[in-house]
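Report on one structure; see the data block that follows.
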Amino acid sequence: MSTKTKVLVILTLCFFLPAQSLFAWNGHGHRVIASIAFLKLSPAHRLEIANRIRNHPRWESDFATQMPDVVRAGDKQIKAEWIFQQAACWPDTTRGLKGEEYKRYNHSTWHYINLIDYLNPKQQDGIDTSRINLAMQPPTDPDNLSGMNAVQAINYVQSKIADTTLSKEDDALMLCWLLHVYSDLHQPLHTTAVFSKTLLPKGCRGGNSIKTKQGRNLHSLWDGLLGKDNKYQACHNQALRMLEDADLASLGERAADVIDAESVCLGSNWYCKNYAYASEVRAHLQRLEEDGETKIVAVDLSESYLQRAGTVAAHQASRAGWRLAKVLAE
C-alpha cells in the first residue's frame with residue numbers, strides 16, 4: 001500500500017458516525033464517486049451530461065435552490081461537477097417525498113440485491129429464501145419494475161438512456177439513478193445478506209441487522225467509511241487525491257475493463273463475504289446461533305477489521321468512479 005493510500009485509510013477511519021442513515025454510501029461517498037467519474041470525462045462530455053440532468057422534473061426544488069453559493073459563483077465546470085454530485089445523491093432523497101411524488105420517484109428495492117450467504121452452509125434446509133429477488137435482467141412486465149433489485153435497475157436504466165424516444169425529463173431521472181445505483185453496487189453490503197436458521201431466518205438485510213459497538217450496525221458503518229463532509233469542495237478534493245494516488249488510479253483503470261452490472265455485483269459480493277462479513281463477524285454470529293439466540297448482541301470490531309474495511313472502501317470507490325466514467329462515456 002502506498003503512503004498516500006495509508007493516509008487515506010487513516011483519514012477515512014476518522015469519519016465514523018455513531019449513527020448513519022440506512023442508505024448505501026452516505027452523501028459524501030456518493031459525491032466523491034460522482035466527482036471521480038466527472039473528472040475522468042472530457043470537459044465537453046461533462047457539460048453535456050450536466051445539461052441533460054437540468055431537465056430533471058424536480059430541478060428547481062432539488063437542484064437549483066440547493067446549489068451552494070460557492071458553486072453558483074463558479075464556472076461552468078464547477079457547476080457541472082456539483083450537478084453530478086447532487087444527481088448521484090438524489091435517489092436517496094426520494095424517501096422523504098409524499099403522496100404521488102413518492103410513488104413516482106422512490107424505488108426502494110433498486111438500491112441493493114441480496115445475494116445469499118449462509119452462516120452455516122450445512123444448515124440451509126428450513127431457511128426460506130424463495131422470495132429473494134436474484135434476477136439479473138429487468139422484468140418484461142412494466143408493472144413489476146418497482147420491485148427490481150440493483151442489478152436489474154442498472155440494466156433497465158441503461159436501456160432507457162439508450163432509447164432515443166425517451167423524454168428529456170425521464171432521461172434526467174435515469175441519469176440520476178445510474179449515477180447512484182452503480183455506486184451503490186460497489187458498497188459490498190448492498191450485494192449480500194447472511195441467513196441462518198435461528199438468528200437470521202429472513203437475512204441480515206445487508207448488515208443492517210448486525211449491530212456493532214462502533215456504530216449503529218454493520219451497514220451504516222460501511223456507509224460512512226469514505227467520510228462525512230458533504231460540501232462540494234471537500235468531495236472534489238478527495239476525488240482528486242484518489243485520482244492522484246498511483247495505486248488507486250491503477251486499480252481503477254484495471255477495473256474499468258469490466259463494467260457490466262452483474263460482474264460488478266459479483267465482485268462486490270466477494271468483498272462482502274471476505275471483508276464485510278469477515279471471520280470475526282461470522283464467528284460472533286455463529287456463537288449466537290449455536291446458543292439459540294434470536295437477538296443479535298453488538299459485535300466489537302477489531303482495529304485490523306476497521307483498517308481493512310477502510311482500504312476496501314477506498315478501493316471500491318475508486319473502481320466505482322472509473323467504471324462510471326467508462327459507462328457514461330459509452
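Numbering starts fresh at 1 for the residues of each chain in the C-alpha cells, the chains themselves are lettered A, B, ... in the order given, and ligands are numbered from 1 as they appear.
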
Residues of region 28-63 of chain A at most 12 Å from region 98-115 of chain A: nearest atom pair and distance in Å, only C-alpha atoms, as CSV:
```
residue,atom,partner,partner_atom,distance
A:His56,CA,A:Tyr105,CA,11.4
A:Pro57,CA,A:Tyr105,CA,10.2
A:Arg58,CA,A:Glu101,CA,10.0
```

Output for the residues just chosen: N, CA and C atoms as an mmCIF file, in the first residue's frame:
```cif
data_model
loop_
_atom_site.group_PDB
_atom_site.id
_atom_site.type_symbol
_atom_site.label_atom_id
_atom_site.label_comp_id
_atom_site.auth_asym_id
_atom_site.auth_seq_id
_atom_site.Cartn_x
_atom_site.Cartn_y
_atom_site.Cartn_z
ATOM 1 N N HIS A 56 -34.340 17.569 -15.227
ATOM 2 C CA HIS A 56 -34.972 16.808 -14.153
ATOM 3 C C HIS A 56 -36.297 17.467 -13.756
ATOM 4 N N PRO A 57 -37.382 16.679 -13.588
ATOM 5 C CA PRO A 57 -38.682 17.263 -13.256
ATOM 6 C C PRO A 57 -38.705 17.980 -11.909
ATOM 7 N N ARG A 58 -37.746 17.701 -11.040
ATOM 8 C CA ARG A 58 -37.656 18.393 -9.756
ATOM 9 C C ARG A 58 -36.390 19.260 -9.705
#
```

How close does each residue of region 233-264 of chain A get to region 31-39 of chain A, giving the shortest atom pair and distance in Å to one decimal for every residue with an atom at most 7 Å away, counting only C-alpha atoms, sorted by chain and residue number, as CSV?
```
residue,atom,partner,partner_atom,distance
A:Cys235,CA,A:Val32,CA,4.9
A:His236,CA,A:Ser35,CA,5.9
A:Gln238,CA,A:Val32,CA,6.6
A:Ala239,CA,A:Ile36,CA,5.2
```

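Separating CA of Thr191 (chain A) from CA of Ser268 (chain A) is a distance of 6.6 Å.
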
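Using only C-alpha atoms for every distance, the candidate list A:Asn55, A:Gln137, A:Ser304, A:Ser250 yields A:Asn55 as the residue closest to Lys168 (chain A).
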
Problem set entry | Separation of CA of Ala329 (chain A) from CA of Ile161 (chain A) in Å |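 Atom-to-atom, CA of Ile161 (chain A) to CA of Ala329 (chain A), that is 12.6 Å.
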
Exercise. Please, which residues of region 127-247 of chain A, numbered as in this document, come out strand (DSSP E or B) from DSSP, as a PyMOL selection string?
Worked result: chain A and resi 192-195+212+215

How would the residues just chosen look if you wrote them out with N, CA, C and O atoms as a PDB file, in the first residue's frame?
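Resulting contents of selection28.pdb:
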```pdb
ATOM      1  N   THR A 192     -25.201  -8.435  -0.608  1.00  0.00           N
ATOM      2  CA  THR A 192     -25.202  -9.736   0.059  1.00  0.00           C
ATOM      3  C   THR A 192     -25.896  -9.685   1.414  1.00  0.00           C
ATOM      4  O   THR A 192     -25.757  -8.707   2.146  1.00  0.00           O
ATOM      5  N   ALA A 193     -26.615 -10.764   1.751  1.00  0.00           N
ATOM      6  CA  ALA A 193     -27.246 -10.888   3.066  1.00  0.00           C
ATOM      7  C   ALA A 193     -26.933 -12.264   3.646  1.00  0.00           C
ATOM      8  O   ALA A 193     -26.959 -13.271   2.936  1.00  0.00           O
ATOM      9  N   VAL A 194     -26.645 -12.288   4.936  1.00  0.00           N
ATOM     10  CA  VAL A 194     -26.375 -13.545   5.645  1.00  0.00           C
ATOM     11  C   VAL A 194     -27.681 -14.113   6.184  1.00  0.00           C
ATOM     12  O   VAL A 194     -28.500 -13.383   6.760  1.00  0.00           O
ATOM     13  N   PHE A 195     -27.862 -15.418   6.005  1.00  0.00           N
ATOM     14  CA  PHE A 195     -29.042 -16.128   6.503  1.00  0.00           C
ATOM     15  C   PHE A 195     -28.616 -17.239   7.452  1.00  0.00           C
ATOM     16  O   PHE A 195     -27.573 -17.863   7.256  1.00  0.00           O
ATOM     17  N   THR A 212     -23.199  -3.246  15.813  1.00  0.00           N
ATOM     18  CA  THR A 212     -21.767  -3.150  16.122  1.00  0.00           C
ATOM     19  C   THR A 212     -21.560  -2.134  17.235  1.00  0.00           C
ATOM     20  O   THR A 212     -22.351  -1.205  17.410  1.00  0.00           O
ATOM     21  N   GLY A 215     -20.765   1.567  15.869  1.00  0.00           N
ATOM     22  CA  GLY A 215     -21.810   2.338  15.200  1.00  0.00           C
ATOM     23  C   GLY A 215     -23.127   1.627  15.380  1.00  0.00           C
ATOM     24  O   GLY A 215     -23.234   0.656  16.128  1.00  0.00           O
TER      25      GLY A 215
END
```

Exercise. In terms of the shortest atom-to-atom distance over only C-alpha atoms, which of A:Ala162, A:Ile259, A:Ile116, A:Leu189 is closest to Ala313 (chain A)?
Worked result: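 Ranked by minimum distance to Ala313 (chain A), first place goes to A:Leu189.
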
For this session: Go ahead and compute the interatomic distance for CA of Leu243 (chain A) and CA of Leu47 (chain A), in Å to one decimal.
Result: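 Those two atoms sit 20.3 Å apart.
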
For this session: List every residue of region 110-287 of chain A that DSSP, applied to the backbone of this structure, assigns to helix (DSSP H, G or I), and report them as a PyMOL selection string.
Result: chain A and resi 110-111+121-123+142-147+150-161+168-184+188-190+218-223+232-244+246-255+261-276+279-287

Exercise. If you count only C-alpha atoms, which residues fall within 8 Å of Asn230 (chain A), apart from same-chain ones fewer than 2 positions away, as a PyMOL selection string?
Worked result: chain A and resi 27-28+31+228+232+234-235

Problem set entry | 10 Å contact set for Tyr182 (chain A), only C-alpha atoms, chain neighbours under 2 positions out, as a VMD selection string | chain A and resid 30 33 88 111 150 to 151 153 to 154 177 to 180 184 to 187 259 to 261 264 to 265 320 to 321 323 to 324 327

Problem set entry | Among the residues A:Met136, A:Asn149, A:Glu48, A:Ala256, the one that comes closest to Ala325 (chain A) [using only C-alpha atoms] |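 Of A:Met136, A:Asn149, A:Glu48, A:Ala256, the one nearest Ala325 (chain A) is A:Ala256, counting only C-alpha atoms.
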
Exercise. Between A:Ala314, A:Ala255, A:Ala50, A:Leu306, which has the minimum distance to Asp171 (chain A) (counting only C-alpha atoms)?
Worked result: A:Ala50

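Shortest separation to Arg216 (chain A) among A:Ala298, A:Ala249, A:Ile78, A:Ala172 occurs at residue A:Ala298, atoms counted being only C-alpha atoms.
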
Problem set entry | Residue with smallest distance to Val71 (chain A) - pool A:Asn133, A:Ser263, A:Gln233, A:Asn155, counting only C-alpha atoms | A:Gln233
